[in-house]
>>> print(open('final.cif').read())   # mmCIF, C-alpha atoms and all ligand atoms
data_run
loop_
_atom_site.label_atom_id
_atom_site.label_comp_id
_atom_site.auth_asym_id
_atom_site.auth_seq_id
_atom_site.Cartn_x
_atom_site.Cartn_y
_atom_site.Cartn_z
CA MET A 1140 33.34 106.95 74.83
CA SER A 1141 35.00 104.63 72.35
CA ASN A 1142 37.86 105.57 70.02
CA ILE A 1143 36.54 107.86 67.33
CA VAL A 1144 37.79 109.72 64.27
CA ILE A 1145 36.34 113.12 63.48
CA VAL A 1146 36.65 113.74 59.78
CA GLY A 1147 35.58 116.56 57.46
CA ALA A 1148 33.07 115.37 54.87
CA GLN A 1149 33.61 118.31 52.47
CA TRP A 1150 36.55 120.59 51.63
CA GLY A 1151 37.63 121.36 55.18
CA ASP A 1152 36.39 124.14 57.47
CA GLU A 1153 33.29 122.11 58.37
CA GLY A 1154 33.55 123.13 62.02
CA LYS A 1155 35.48 120.05 63.16
CA GLY A 1156 37.32 122.03 65.85
CA LYS A 1157 34.10 122.81 67.62
CA ILE A 1158 32.81 119.23 67.42
CA VAL A 1159 36.16 117.92 68.67
CA ASP A 1160 36.02 120.42 71.52
CA TYR A 1161 32.50 119.25 72.43
CA LEU A 1162 33.38 115.54 72.35
CA THR A 1163 36.67 116.04 74.15
CA VAL A 1164 34.81 115.99 77.46
CA GLU A 1165 34.29 112.24 76.94
CA ALA A 1166 37.83 111.48 75.67
CA ASP A 1167 41.17 110.99 77.41
CA TYR A 1168 43.50 111.61 74.45
CA ILE A 1169 43.04 113.94 71.48
CA VAL A 1170 45.27 113.33 68.48
CA ARG A 1171 46.15 115.17 65.26
CA TYR A 1172 47.18 112.67 62.58
CA GLN A 1173 47.93 114.58 59.34
CA GLY A 1174 48.43 117.98 57.76
CA GLY A 1175 50.23 120.80 59.46
CA ASN A 1176 49.74 124.46 60.20
CA ASN A 1177 47.74 124.77 56.98
CA ALA A 1178 44.80 123.86 59.24
CA GLY A 1179 43.10 126.23 61.59
CA HIS A 1180 40.48 125.56 64.22
CA THR A 1181 38.65 128.39 65.92
CA VAL A 1182 37.17 127.49 69.29
CA VAL A 1183 35.07 129.96 71.25
CA ILE A 1184 34.79 129.42 75.00
CA GLY A 1185 32.80 132.06 76.82
CA ASP A 1186 34.21 135.36 75.61
CA ASP A 1187 37.55 133.85 74.66
CA ARG A 1188 38.44 132.85 71.13
CA TYR A 1189 41.30 130.42 70.47
CA ILE A 1190 42.77 129.75 67.03
CA LEU A 1191 44.79 126.55 66.86
CA HIS A 1192 46.80 125.33 63.91
CA LEU A 1193 48.78 122.31 65.09
CA ILE A 1194 47.89 121.55 68.67
CA PRO A 1195 44.62 119.61 69.05
CA SER A 1196 41.83 121.77 70.43
CA GLY A 1197 41.56 119.27 73.32
CA ILE A 1198 44.37 121.24 74.92
CA LEU A 1199 41.74 123.76 76.03
CA HIS A 1200 40.41 121.13 78.46
CA LYS A 1201 42.77 121.08 81.41
CA ASP A 1202 42.77 117.34 82.16
CA LYS A 1203 43.27 116.00 78.60
CA ILE A 1204 46.37 114.66 76.89
CA CYS A 1205 47.05 115.89 73.35
CA VAL A 1206 49.18 114.19 70.75
CA ILE A 1207 50.68 115.23 67.41
CA GLY A 1208 51.13 112.04 65.40
CA ASN A 1209 53.82 110.95 62.96
CA GLY A 1210 51.56 111.82 59.98
CA VAL A 1211 51.71 115.54 60.76
CA VAL A 1212 54.29 117.91 59.27
CA ILE A 1213 55.56 120.42 61.80
CA ASP A 1214 56.79 123.97 61.47
CA LEU A 1215 58.78 124.02 64.71
CA ALA A 1216 58.78 127.79 65.14
CA ASP A 1217 55.01 127.96 64.62
CA LEU A 1218 54.41 125.11 67.05
CA TYR A 1219 56.55 126.81 69.65
CA SER A 1220 54.72 130.11 69.28
CA GLU A 1221 51.37 128.27 69.50
CA ILE A 1222 52.48 126.74 72.81
CA LYS A 1223 53.63 130.13 74.08
CA GLY A 1224 50.38 131.74 72.92
CA LEU A 1225 48.31 129.17 74.83
CA GLU A 1226 50.44 129.66 77.93
CA SER A 1227 49.92 133.41 77.74
CA GLN A 1228 46.15 132.75 77.69
CA GLY A 1229 46.49 130.70 80.87
CA ILE A 1230 46.45 127.23 79.26
CA SER A 1231 49.27 125.02 80.51
CA VAL A 1232 50.66 122.64 77.91
CA LYS A 1233 53.58 120.96 79.73
CA GLY A 1234 53.01 117.28 80.43
CA ARG A 1235 49.82 117.30 78.32
CA LEU A 1236 51.28 117.49 74.82
CA PHE A 1237 53.29 114.76 73.10
CA ILE A 1238 54.88 115.11 69.67
CA SER A 1239 55.89 112.08 67.60
CA GLN A 1240 59.61 111.79 66.97
CA TYR A 1241 58.66 110.49 63.50
CA ALA A 1242 56.73 113.59 62.43
CA HIS A 1243 58.50 115.40 59.58
CA LEU A 1244 59.66 118.98 59.87
CA ILE A 1245 58.85 121.92 57.65
CA PHE A 1246 61.85 124.14 56.86
CA PRO A 1247 62.07 127.65 55.38
CA TYR A 1248 63.03 126.16 52.02
CA HIS A 1249 59.76 124.19 51.94
CA LYS A 1250 57.81 127.41 52.39
CA ALA A 1251 59.87 129.21 49.75
CA LEU A 1252 59.37 126.36 47.28
CA ASP A 1253 55.62 126.18 48.02
CA LYS A 1254 55.25 129.88 47.22
CA ILE A 1255 57.44 130.02 44.12
CA LYS A 1256 55.89 126.88 42.61
CA GLU A 1257 52.42 128.36 43.05
CA GLU A 1258 53.56 131.66 41.54
CA ARG A 1259 55.00 129.88 38.52
CA LYS A 1260 51.83 127.88 37.97
CA GLY A 1261 49.86 131.07 37.32
CA LEU A 1262 46.26 130.19 36.49
CA GLU A 1263 46.95 126.51 37.13
CA LYS A 1264 47.79 127.20 40.76
CA ILE A 1265 46.29 125.10 43.56
CA GLY A 1266 45.82 127.99 45.95
CA THR A 1267 47.90 126.46 48.74
CA THR A 1268 48.23 128.07 52.14
CA GLY A 1269 51.92 128.72 51.41
CA ARG A 1270 52.94 126.95 54.62
CA GLY A 1271 55.34 124.53 52.89
CA ILE A 1272 53.06 121.53 53.41
CA GLY A 1273 53.39 119.98 49.92
CA PRO A 1274 57.20 120.30 49.66
CA ALA A 1275 57.64 118.86 53.19
CA TYR A 1276 55.55 115.80 52.28
CA VAL A 1277 57.50 115.50 48.99
CA ASP A 1278 60.70 115.09 51.04
CA LYS A 1279 59.01 112.60 53.37
CA ILE A 1280 57.94 110.38 50.48
CA ALA A 1281 61.31 110.85 48.71
CA ARG A 1282 62.94 109.64 51.96
CA THR A 1283 65.06 112.76 52.33
CA GLY A 1284 62.94 114.46 54.97
CA ILE A 1285 64.14 115.45 58.43
CA ARG A 1286 62.11 114.22 61.36
CA VAL A 1287 61.48 115.68 64.81
CA GLY A 1288 63.70 113.03 66.42
CA ASP A 1289 66.64 114.02 64.17
CA VAL A 1290 66.84 117.46 65.75
CA LEU A 1291 67.66 115.88 69.11
CA ASP A 1292 71.07 114.81 67.80
CA ARG A 1293 73.13 117.84 66.73
CA ASP A 1294 75.48 115.89 64.40
CA VAL A 1295 72.76 113.88 62.71
CA PHE A 1296 70.65 117.00 62.25
CA TYR A 1297 73.51 119.11 60.84
CA LYS A 1298 74.46 116.41 58.31
CA LYS A 1299 70.87 115.91 57.13
CA LEU A 1300 70.24 119.63 56.86
CA GLU A 1301 73.48 120.17 54.96
CA ASP A 1302 72.64 117.36 52.52
CA ASN A 1303 69.15 118.72 51.97
CA LEU A 1304 70.35 122.27 51.44
CA LYS A 1305 72.89 121.21 48.81
CA GLU A 1306 70.01 120.05 46.65
CA LYS A 1307 67.45 122.67 47.66
CA ASN A 1308 69.80 125.62 47.15
CA GLU A 1309 70.61 124.36 43.70
CA ILE A 1310 66.93 124.10 42.85
CA MET A 1311 66.27 127.54 44.34
CA SER A 1312 69.03 129.24 42.37
CA LYS A 1313 69.19 127.29 39.10
CA ILE A 1314 65.49 126.71 38.51
CA TYR A 1315 63.88 129.62 40.28
CA GLY A 1316 66.65 132.21 40.37
CA LEU A 1317 66.28 132.68 44.14
CA GLY A 1318 68.89 133.17 46.85
CA SER A 1319 70.28 130.37 49.01
CA PHE A 1320 69.63 129.27 52.57
CA VAL A 1321 72.54 129.01 55.00
CA THR A 1322 72.80 125.70 56.89
CA LYS A 1323 74.07 127.25 60.10
CA ASP A 1324 71.25 129.83 60.31
CA ILE A 1325 68.52 127.18 60.08
CA PHE A 1326 70.49 124.80 62.28
CA ASP A 1327 70.86 127.34 65.09
CA GLU A 1328 67.19 128.31 65.04
CA TYR A 1329 65.92 124.72 65.04
CA ILE A 1330 68.38 123.50 67.69
CA GLN A 1331 67.32 126.33 69.97
CA ILE A 1332 63.59 125.56 69.59
CA ALA A 1333 64.20 121.79 69.84
CA GLY A 1334 65.91 122.43 73.18
CA GLU A 1335 62.71 124.09 74.41
CA LEU A 1336 60.48 121.32 73.05
CA LYS A 1337 62.62 118.29 74.00
CA GLU A 1338 60.36 117.17 76.79
CA TYR A 1339 57.33 117.03 74.46
CA ILE A 1340 58.92 114.59 72.00
CA ALA A 1341 57.86 110.98 72.49
CA ASP A 1342 57.08 107.65 70.87
CA VAL A 1343 53.40 108.37 70.55
CA SER A 1344 52.36 105.04 68.97
CA TRP A 1345 53.25 103.32 72.24
CA ILE A 1346 51.55 105.99 74.32
CA LEU A 1347 48.31 105.67 72.35
CA ASN A 1348 48.23 101.89 72.07
CA GLU A 1349 48.96 101.44 75.76
CA ALA A 1350 46.27 103.97 76.63
CA ILE A 1351 43.75 102.10 74.47
CA ASP A 1352 44.74 98.79 76.09
CA GLN A 1353 44.01 100.38 79.46
CA GLY A 1354 40.51 101.31 78.30
CA LYS A 1355 41.16 105.00 77.68
CA SER A 1356 39.30 106.82 74.88
CA VAL A 1357 41.10 108.41 71.98
CA LEU A 1358 39.65 111.10 69.75
CA PHE A 1359 41.40 111.44 66.38
CA GLU A 1360 41.04 114.94 65.03
CA GLY A 1361 41.16 115.13 61.23
CA ALA A 1362 42.35 118.32 59.56
CA GLN A 1363 41.13 119.57 56.15
CA GLY A 1364 38.39 117.38 54.63
CA THR A 1365 37.69 114.32 52.49
CA LEU A 1366 37.71 116.22 49.20
CA LEU A 1367 41.18 117.59 50.01
CA ASP A 1368 42.63 114.10 50.59
CA VAL A 1369 45.64 113.50 48.34
CA ASP A 1370 44.24 110.14 47.16
CA HIS A 1371 40.47 110.49 47.34
CA GLY A 1372 39.97 114.23 46.89
CA THR A 1373 39.68 116.49 43.87
CA TYR A 1374 43.31 115.90 42.80
CA PRO A 1375 45.38 117.95 42.05
CA TYR A 1376 43.35 120.57 43.99
CA VAL A 1377 44.01 118.83 47.29
CA THR A 1378 46.39 118.99 50.21
CA SER A 1379 49.33 116.57 50.40
CA SER A 1380 48.16 114.24 53.17
CA ASN A 1381 45.48 111.63 53.83
CA SER A 1382 42.81 113.69 55.54
CA THR A 1383 40.37 110.76 55.38
CA CYS A 1384 39.91 108.24 58.21
CA GLY A 1385 42.67 105.93 57.01
CA GLY A 1386 45.15 108.69 57.83
CA ALA A 1387 44.26 108.27 61.52
CA CYS A 1388 45.88 104.81 61.46
CA THR A 1389 48.96 105.54 59.36
CA GLY A 1390 49.42 108.92 61.01
CA THR A 1391 49.54 107.57 64.57
CA GLY A 1392 50.37 103.86 64.51
CA VAL A 1393 46.98 102.81 65.90
CA GLY A 1394 45.39 99.96 63.93
CA PRO A 1395 41.91 100.16 62.36
CA THR A 1396 40.46 97.48 64.63
CA LYS A 1397 40.93 99.84 67.56
CA ILE A 1398 38.73 102.59 66.13
CA GLU A 1399 35.00 102.11 66.60
CA LYS A 1400 33.45 105.22 65.14
CA ALA A 1401 33.97 107.60 62.24
CA MET A 1402 32.01 110.80 62.69
CA GLY A 1403 31.68 112.91 59.55
CA VAL A 1404 31.32 116.63 60.07
CA VAL A 1405 29.06 118.17 57.44
CA LYS A 1406 28.51 121.90 57.19
CA ALA A 1407 24.89 122.74 56.26
CA TYR A 1408 26.26 124.31 53.07
CA SER A 1409 29.52 123.85 51.15
CA THR A 1410 32.69 125.94 51.30
CA ARG A 1411 36.07 125.72 49.68
CA VAL A 1412 39.25 127.81 49.94
CA GLY A 1413 41.70 127.83 47.09
CA GLU A 1414 41.22 126.64 43.55
CA GLY A 1415 39.34 123.65 42.13
CA PRO A 1416 35.72 122.87 41.27
CA LEU A 1417 32.87 123.55 43.69
CA PRO A 1418 29.82 122.39 41.70
CA THR A 1419 27.18 124.02 43.93
CA GLU A 1420 28.94 127.40 44.23
CA PHE A 1421 26.53 130.30 44.87
CA PRO A 1422 26.25 133.23 42.50
CA PRO A 1423 28.53 136.07 43.74
CA GLU A 1424 25.96 138.26 45.52
CA PHE A 1425 24.31 135.44 47.47
CA GLY A 1426 27.74 133.90 48.14
CA GLU A 1427 28.82 137.20 49.69
CA LYS A 1428 25.78 137.22 51.98
CA ILE A 1429 26.35 133.66 53.28
CA ARG A 1430 30.11 134.27 53.60
CA ALA A 1431 29.43 137.29 55.80
CA LYS A 1432 26.77 135.52 57.91
CA GLY A 1433 28.89 132.37 58.30
CA GLU A 1434 32.14 134.31 58.80
CA GLU A 1435 33.64 132.22 56.05
CA PHE A 1436 37.21 133.46 56.07
CA GLY A 1437 40.17 131.10 56.52
CA ALA A 1438 41.42 130.77 60.11
CA THR A 1439 44.96 130.32 58.75
CA THR A 1440 45.23 132.69 55.81
CA GLY A 1441 42.17 134.92 56.23
CA ARG A 1442 41.22 134.17 52.61
CA PRO A 1443 37.49 134.40 51.78
CA ARG A 1444 35.95 130.95 51.38
CA ARG A 1445 33.84 130.18 48.33
CA CYS A 1446 30.34 129.12 49.39
CA GLY A 1447 27.64 126.91 47.85
CA TRP A 1448 24.64 124.70 48.62
CA LEU A 1449 25.04 121.41 50.45
CA ASP A 1450 26.20 118.79 47.96
CA ALA A 1451 24.92 115.31 48.84
CA VAL A 1452 26.90 113.74 45.97
CA VAL A 1453 30.08 114.91 47.68
CA THR A 1454 29.02 114.03 51.23
CA ARG A 1455 27.67 110.58 50.23
CA TYR A 1456 31.07 109.89 48.70
CA ALA A 1457 32.71 111.04 51.94
CA VAL A 1458 30.49 108.66 53.93
CA MET A 1459 31.71 105.77 51.77
CA ILE A 1460 35.42 106.67 51.68
CA ASN A 1461 35.61 107.15 55.45
CA GLY A 1462 33.12 104.51 56.56
CA ILE A 1463 31.28 107.31 58.36
CA ASN A 1464 28.76 105.88 60.83
CA ALA A 1465 27.68 109.08 62.56
CA LEU A 1466 27.20 112.67 61.44
CA ALA A 1467 27.54 116.11 62.97
CA VAL A 1468 25.81 118.89 61.01
CA THR A 1469 27.22 122.34 61.67
CA LYS A 1470 26.38 125.99 61.03
CA LEU A 1471 22.65 125.41 60.56
CA ASP A 1472 22.03 128.88 62.03
CA VAL A 1473 23.66 130.47 58.97
CA LEU A 1474 20.62 129.29 56.95
CA ASP A 1475 18.04 130.53 59.52
CA GLU A 1476 16.66 133.38 57.43
CA LEU A 1477 16.39 131.63 54.07
CA GLU A 1478 13.02 131.19 52.36
CA THR A 1479 14.12 128.01 50.61
CA ILE A 1480 17.16 125.79 51.01
CA LYS A 1481 18.59 123.66 48.24
CA ILE A 1482 20.40 120.33 48.41
CA CYS A 1483 22.24 118.96 45.39
CA THR A 1484 21.30 115.29 45.08
CA ARG A 1485 22.78 114.41 41.68
CA TYR A 1486 24.81 115.94 38.85
CA GLU A 1487 24.05 116.35 35.18
CA CYS A 1488 27.05 116.00 32.90
CA ASP A 1489 27.18 115.77 29.11
CA GLY A 1490 23.49 114.77 29.05
CA LYS A 1491 23.95 112.03 31.65
CA ILE A 1492 22.67 111.97 35.23
CA LEU A 1493 25.33 111.06 37.79
CA ASP A 1494 24.55 109.72 41.28
CA ARG A 1495 28.17 109.06 42.09
CA PHE A 1496 30.96 111.52 42.62
CA PRO A 1497 32.88 111.45 39.31
CA ASN A 1498 36.35 109.93 39.26
CA SER A 1499 37.81 112.63 37.02
CA ILE A 1500 38.39 116.28 37.79
CA ASP A 1501 37.62 117.16 34.16
CA ILE A 1502 34.20 115.53 34.41
CA LEU A 1503 33.60 117.22 37.77
CA LYS A 1504 34.39 120.60 36.22
CA ARG A 1505 31.57 120.03 33.69
CA CYS A 1506 29.00 118.78 36.23
CA LYS A 1507 25.86 120.81 36.84
CA PRO A 1508 24.10 120.26 40.15
CA ILE A 1509 20.54 118.94 40.24
CA TYR A 1510 18.78 120.41 43.26
CA GLU A 1511 15.80 119.66 45.39
CA GLU A 1512 14.29 122.53 47.32
CA HIS A 1513 13.23 122.56 50.94
CA PRO A 1514 11.24 125.22 52.76
CA GLY A 1515 13.44 127.19 55.16
CA TRP A 1516 12.66 127.13 58.90
CA LYS A 1517 12.82 130.93 59.20
CA THR A 1518 13.47 130.69 62.93
CA ASP A 1519 16.42 131.86 65.01
CA THR A 1520 18.00 128.54 65.99
CA THR A 1521 20.92 130.00 67.96
CA GLY A 1522 19.12 129.67 71.29
CA LEU A 1523 17.75 126.16 70.77
CA THR A 1524 18.98 123.56 73.24
CA GLN A 1525 17.15 120.39 72.31
CA TYR A 1526 15.86 118.55 69.27
CA GLU A 1527 12.26 118.67 70.49
CA GLU A 1528 12.29 122.48 70.09
CA PHE A 1529 13.38 122.38 66.45
CA PRO A 1530 10.92 123.78 63.89
CA GLN A 1531 9.42 121.02 61.73
CA GLU A 1532 11.13 122.34 58.56
CA LEU A 1533 14.52 121.97 60.24
CA LYS A 1534 13.68 118.43 61.39
CA ASN A 1535 12.63 117.60 57.82
CA TYR A 1536 15.86 119.04 56.43
CA LEU A 1537 17.94 116.97 58.86
CA ASP A 1538 15.88 113.83 58.10
CA ARG A 1539 16.55 114.35 54.40
CA ILE A 1540 20.30 114.65 55.03
CA GLU A 1541 20.24 111.36 56.98
CA GLU A 1542 18.28 109.70 54.18
CA LEU A 1543 20.62 110.94 51.45
CA LEU A 1544 23.80 110.13 53.37
CA GLU A 1545 22.55 106.91 54.98
CA ALA A 1546 24.02 107.82 58.36
CA ASN A 1547 22.51 109.11 61.60
CA ILE A 1548 22.97 112.66 62.76
CA GLU A 1549 24.18 112.63 66.35
CA LEU A 1550 25.13 116.27 66.79
CA VAL A 1551 24.04 119.57 65.34
CA SER A 1552 25.61 122.95 65.84
CA VAL A 1553 23.73 126.27 65.76
CA GLY A 1554 26.45 128.75 66.68
CA SER A 1555 30.13 129.01 67.49
CA LYS A 1556 29.82 128.67 71.29
CA ARG A 1557 30.28 125.40 73.17
CA ASP A 1558 26.69 125.34 74.43
CA GLN A 1559 25.32 125.82 70.93
CA THR A 1560 25.84 122.13 70.19
CA ILE A 1561 22.84 119.82 70.48
CA ARG A 1562 22.93 116.07 70.83
CA ILE A 1563 20.16 114.38 68.90
CA SER A 1564 18.50 111.30 70.31
CA LYS A 1565 15.37 110.70 68.32
CA GLN A 1566 14.78 107.34 70.01
CA CYS A 1567 14.24 109.34 73.18
CA GLU A 1568 11.76 111.62 71.42
CA ALA A 1569 9.88 108.60 70.09
CA LYS A 1570 9.80 106.96 73.53
CA CYS A 1571 9.17 110.07 75.65
P1 LIG B 1601 48.15 123.18 51.21
O1 LIG B 1601 47.59 122.20 52.20
O2 LIG B 1601 48.64 124.45 51.85
O3 LIG B 1601 49.17 122.56 50.31
O4 LIG B 1601 46.95 123.65 50.25
C1 LIG B 1601 46.33 122.77 49.34
C2 LIG B 1601 44.82 123.04 49.25
O5 LIG B 1601 44.21 122.66 50.48
C3 LIG B 1601 44.47 124.51 49.03
O6 LIG B 1601 43.31 124.59 48.23
C4 LIG B 1601 44.16 125.00 50.43
O7 LIG B 1601 43.29 126.11 50.42
C5 LIG B 1601 43.48 123.76 51.01
N1 LIG B 1601 43.58 123.69 52.47
C6 LIG B 1601 44.66 123.35 53.20
N2 LIG B 1601 44.35 123.37 54.51
C7 LIG B 1601 43.08 123.70 54.60
C8 LIG B 1601 42.17 123.84 55.71
O8 LIG B 1601 42.51 123.65 56.88
N3 LIG B 1601 40.88 124.17 55.39
C9 LIG B 1601 40.48 124.34 54.11
N4 LIG B 1601 41.29 124.23 53.06
C10 LIG B 1601 42.56 123.90 53.30
#
>>> encode(input="final.cif", output="structure tokens")
Amino acid sequence: MSNIVIVGAQWGDEGKGKIVDYLTVEADYIVRYQGGNNAGHTVVIGDDRYILHLIPSGILHKDKICVIGNGVVIDLADLYSEIKGLESQGISVKGRLFISQYAHLIFPYHKALDKIKEERKGLEKIGTTGRGIGPAYVDKIARTGIRVGDVLDRDVFYKKLEDNLKEKNEIMSKIYGLGSFVTKDIFDEYIQIAGELKEYIADVSWILNEAIDQGKSVLFEGAQGTLLDVDHGTYPYVTSSNSTCGGACTGTGVGPTKIEKAMGVVKAYSTRVGEGPLPTEFPPEFGEKIRAKGEEFGATTGRPRRCGWLDAVVTRYAVMINGINALAVTKLDVLDELETIKICTRYECDGKILDRFPNSIDILKRCKPIYEEHPGWKTDTTGLTQYEEFPQELKNYLDRIEELLEANIELVSVGSKRDQTIRISKQCEAKC
């Protein structure tokens, strides 16, 4: 397998974790490049269910190397408990996980600021996960952040933490009327965890580039989705990192010429957690039904996800922004019982028809979806193992997605288990 980025083509929660897990068999290295423990991947293997927030799901394959790139923001305590959790489930992590010394750290004051800022915004809130992601990236961009490598030097770390807390405590007390954080308390906790994690910290750009030069395959695992990208998403209702393909380069130090494929993961319907427009959102009762069938509750916060029809305006945009040249369509089984299935192909806004995703959140808020209707396949797909067995209505639905998105579907998923993933090779069907 070549080097490939797996990217969400909607608002996150497309089922990337499962696709990454499936493709990991063919990869040598699996890399997270952005975001933090705001993400959550659920992977089901046999009767075991694993929920991962920071560590790439490739860790569940015993012979793979996993990497957390410089573009990720790390809550050290959470990372440590994720490692311990995996070990308690019999998964050994030592020697198979490398963490960039350039990745920025999330501190308790980032989480406190995330929560209080959201509270103060009231109705204008973004609906963040409260994990301190935004404030940690603010410090990174403001060049005051503290990186993983800093914690390895007690003096450097203490000085940086002290400097940061002078400012943060003032903001906490004077602007928000909150209590202060004590340097020594945070210092002691982080130094203790850093001691445990020392052997995982590495210069991952070198590791990855050398591996690629030796012909190894790297799988870049995107978190969140295209529409949550801080530049290309539905700003300000986005996360604070580049969740699109470009983030794989800046977030690891691997250049774009070394990545051959961008696989977009598209859920057969849309979901979104948190605030912000979702043009194809279902009416409440139907939304409830799909949410229950699709188990659409956040893996990180448990929040119910808003659900809607597949939006080809959104996913076409994602194909362009990421240079997607292969698709994986997930959770088709959730639509198994439906009489008809809708796809939004265009929007209507202020009397105009829009083919392109609008470049303004205010326009997007006013957009009404224009749908085409497809007959449902009304077949239990969860036991299907090959494309040839698919009901014709399902084949037609997939063909239409390919046509609208101008990219080939290579994988489809019809359930949460590993063996409920089907590779599509229509050339074979045509030839056989
Ligand atoms: P933050 O990343 O916690 O700052 O949250 C910003 C927005 O991104 C909120 O709407 C979150 O619900 C959303 N978000 C963050 N991570 C995920 C994810 O992994 N899946 C889906 N939505 C996410």
>>> closest_atom_pairs(input="final.cif", of="chain A", to="ligand LIG 1601 (chain B)", cutoff="8 Å", atoms="only C-alpha atoms and all ligand atoms", output="CSV")
residue,atom,partner,partner_atom,distance
A:Trp1150,CA,B:LIG1601,C9,6.0
A:Gly1151,CA,B:LIG1601,C9,4.3
A:Asp1152,CA,B:LIG1601,N3,4.9
A:Gly1174,CA,B:LIG1601,O1,7.0
A:Gly1175,CA,B:LIG1601,O1,7.9
A:Asn1176,CA,B:LIG1601,N2,7.9
A:Asn1177,CA,B:LIG1601,N2,4.4
A:Ala1178,CA,B:LIG1601,O8,3.3
A:Gly1179,CA,B:LIG1601,O8,5.4
A:His1180,CA,B:LIG1601,O8,7.9
A:Asp1253,CA,B:LIG1601,O3,7.7
A:Ile1265,CA,B:LIG1601,O6,5.6
A:Gly1266,CA,B:LIG1601,O6,4.8
A:Thr1267,CA,B:LIG1601,O4,3.3
A:Thr1268,CA,B:LIG1601,O2,3.7
A:Gly1269,CA,B:LIG1601,O2,5.4
A:Arg1270,CA,B:LIG1601,O2,5.7
A:Gly1271,CA,B:LIG1601,O2,6.8
A:Ile1272,CA,B:LIG1601,O3,5.1
A:Gly1273,CA,B:LIG1601,O3,5.0
A:Ala1362,CA,B:LIG1601,O8,6.0
A:Gln1363,CA,B:LIG1601,O8,4.4
A:Gly1364,CA,B:LIG1601,N3,7.3
A:Leu1367,CA,B:LIG1601,O5,5.9
A:Tyr1376,CA,B:LIG1601,O6,5.8
A:Val1377,CA,B:LIG1601,C2,4.7
A:Thr1378,CA,B:LIG1601,C1,3.9
A:Ser1379,CA,B:LIG1601,O3,6.0
A:Arg1411,CA,B:LIG1601,N4,6.4
A:Val1412,CA,B:LIG1601,O7,4.4
A:Gly1413,CA,B:LIG1601,O6,3.8
A:Glu1414,CA,B:LIG1601,O6,5.5
A:Gly1415,CA,B:LIG1601,O6,7.3
A:Gly1437,CA,B:LIG1601,N3,7.1
A:Ala1438,CA,B:LIG1601,O8,7.9
A:Thr1439,CA,B:LIG1601,O8,7.3
>>> write_last_selection(input="final.cif", atoms="C-alpha atoms", output="mmCIF file, keeping the file's coordinate frame")
data_model
loop_
_atom_site.group_PDB
_atom_site.id
_atom_site.type_symbol
_atom_site.label_atom_id
_atom_site.label_comp_id
_atom_site.auth_asym_id
_atom_site.auth_seq_id
_atom_site.Cartn_x
_atom_site.Cartn_y
_atom_site.Cartn_z
ATOM 1 C CA TRP A 1150 36.550 120.590 51.630
ATOM 2 C CA GLY A 1151 37.630 121.360 55.180
ATOM 3 C CA ASP A 1152 36.390 124.140 57.470
ATOM 4 C CA GLY A 1174 48.430 117.980 57.760
ATOM 5 C CA GLY A 1175 50.230 120.800 59.460
ATOM 6 C CA ASN A 1176 49.740 124.460 60.200
ATOM 7 C CA ASN A 1177 47.740 124.770 56.980
ATOM 8 C CA ALA A 1178 44.800 123.860 59.240
ATOM 9 C CA GLY A 1179 43.100 126.230 61.590
ATOM 10 C CA HIS A 1180 40.480 125.560 64.220
ATOM 11 C CA ASP A 1253 55.620 126.180 48.020
ATOM 12 C CA ILE A 1265 46.290 125.100 43.560
ATOM 13 C CA GLY A 1266 45.820 127.990 45.950
ATOM 14 C CA THR A 1267 47.900 126.460 48.740
ATOM 15 C CA THR A 1268 48.230 128.070 52.140
ATOM 16 C CA GLY A 1269 51.920 128.720 51.410
ATOM 17 C CA ARG A 1270 52.940 126.950 54.620
ATOM 18 C CA GLY A 1271 55.340 124.530 52.890
ATOM 19 C CA ILE A 1272 53.060 121.530 53.410
ATOM 20 C CA GLY A 1273 53.390 119.980 49.920
ATOM 21 C CA ALA A 1362 42.350 118.320 59.560
ATOM 22 C CA GLN A 1363 41.130 119.570 56.150
ATOM 23 C CA GLY A 1364 38.390 117.380 54.630
ATOM 24 C CA LEU A 1367 41.180 117.590 50.010
ATOM 25 C CA TYR A 1376 43.350 120.570 43.990
ATOM 26 C CA VAL A 1377 44.010 118.830 47.290
ATOM 27 C CA THR A 1378 46.390 118.990 50.210
ATOM 28 C CA SER A 1379 49.330 116.570 50.400
ATOM 29 C CA ARG A 1411 36.070 125.720 49.680
ATOM 30 C CA VAL A 1412 39.250 127.810 49.940
ATOM 31 C CA GLY A 1413 41.700 127.830 47.090
ATOM 32 C CA GLU A 1414 41.220 126.640 43.550
ATOM 33 C CA GLY A 1415 39.340 123.650 42.130
ATOM 34 C CA GLY A 1437 40.170 131.100 56.520
ATOM 35 C CA ALA A 1438 41.420 130.770 60.110
ATOM 36 C CA THR A 1439 44.960 130.320 58.750
#
>>> residues_near_point(input="final.cif", point="(7.4, 121.6, 59.2)", cutoff="12 Å", atoms="all atoms listed in the file", output="number ranges by chain")
A: 1513-1518, 1528-1538
>>> residues_around(input="final.cif", residues="Pro1247 of chain A", least_positions_apart="2", cutoff="10 Å", atoms="all atoms listed in the file", output="short mmCIF file (atom, residue, chain, number, x, y, z; two decimals) with C-alpha atoms, in the frame of the given file")
data_model
loop_
_atom_site.label_atom_id
_atom_site.label_comp_id
_atom_site.auth_asym_id
_atom_site.auth_seq_id
_atom_site.Cartn_x
_atom_site.Cartn_y
_atom_site.Cartn_z
CA ASP A 1214 56.79 123.97 61.47
CA ILE A 1245 58.85 121.92 57.65
CA HIS A 1249 59.76 124.19 51.94
CA LYS A 1250 57.81 127.41 52.39
CA ALA A 1251 59.87 129.21 49.75
CA LEU A 1252 59.37 126.36 47.28
CA ASP A 1253 55.62 126.18 48.02
CA ARG A 1270 52.94 126.95 54.62
CA GLY A 1271 55.34 124.53 52.89
CA PHE A 1320 69.63 129.27 52.57
CA ILE A 1325 68.52 127.18 60.08
#
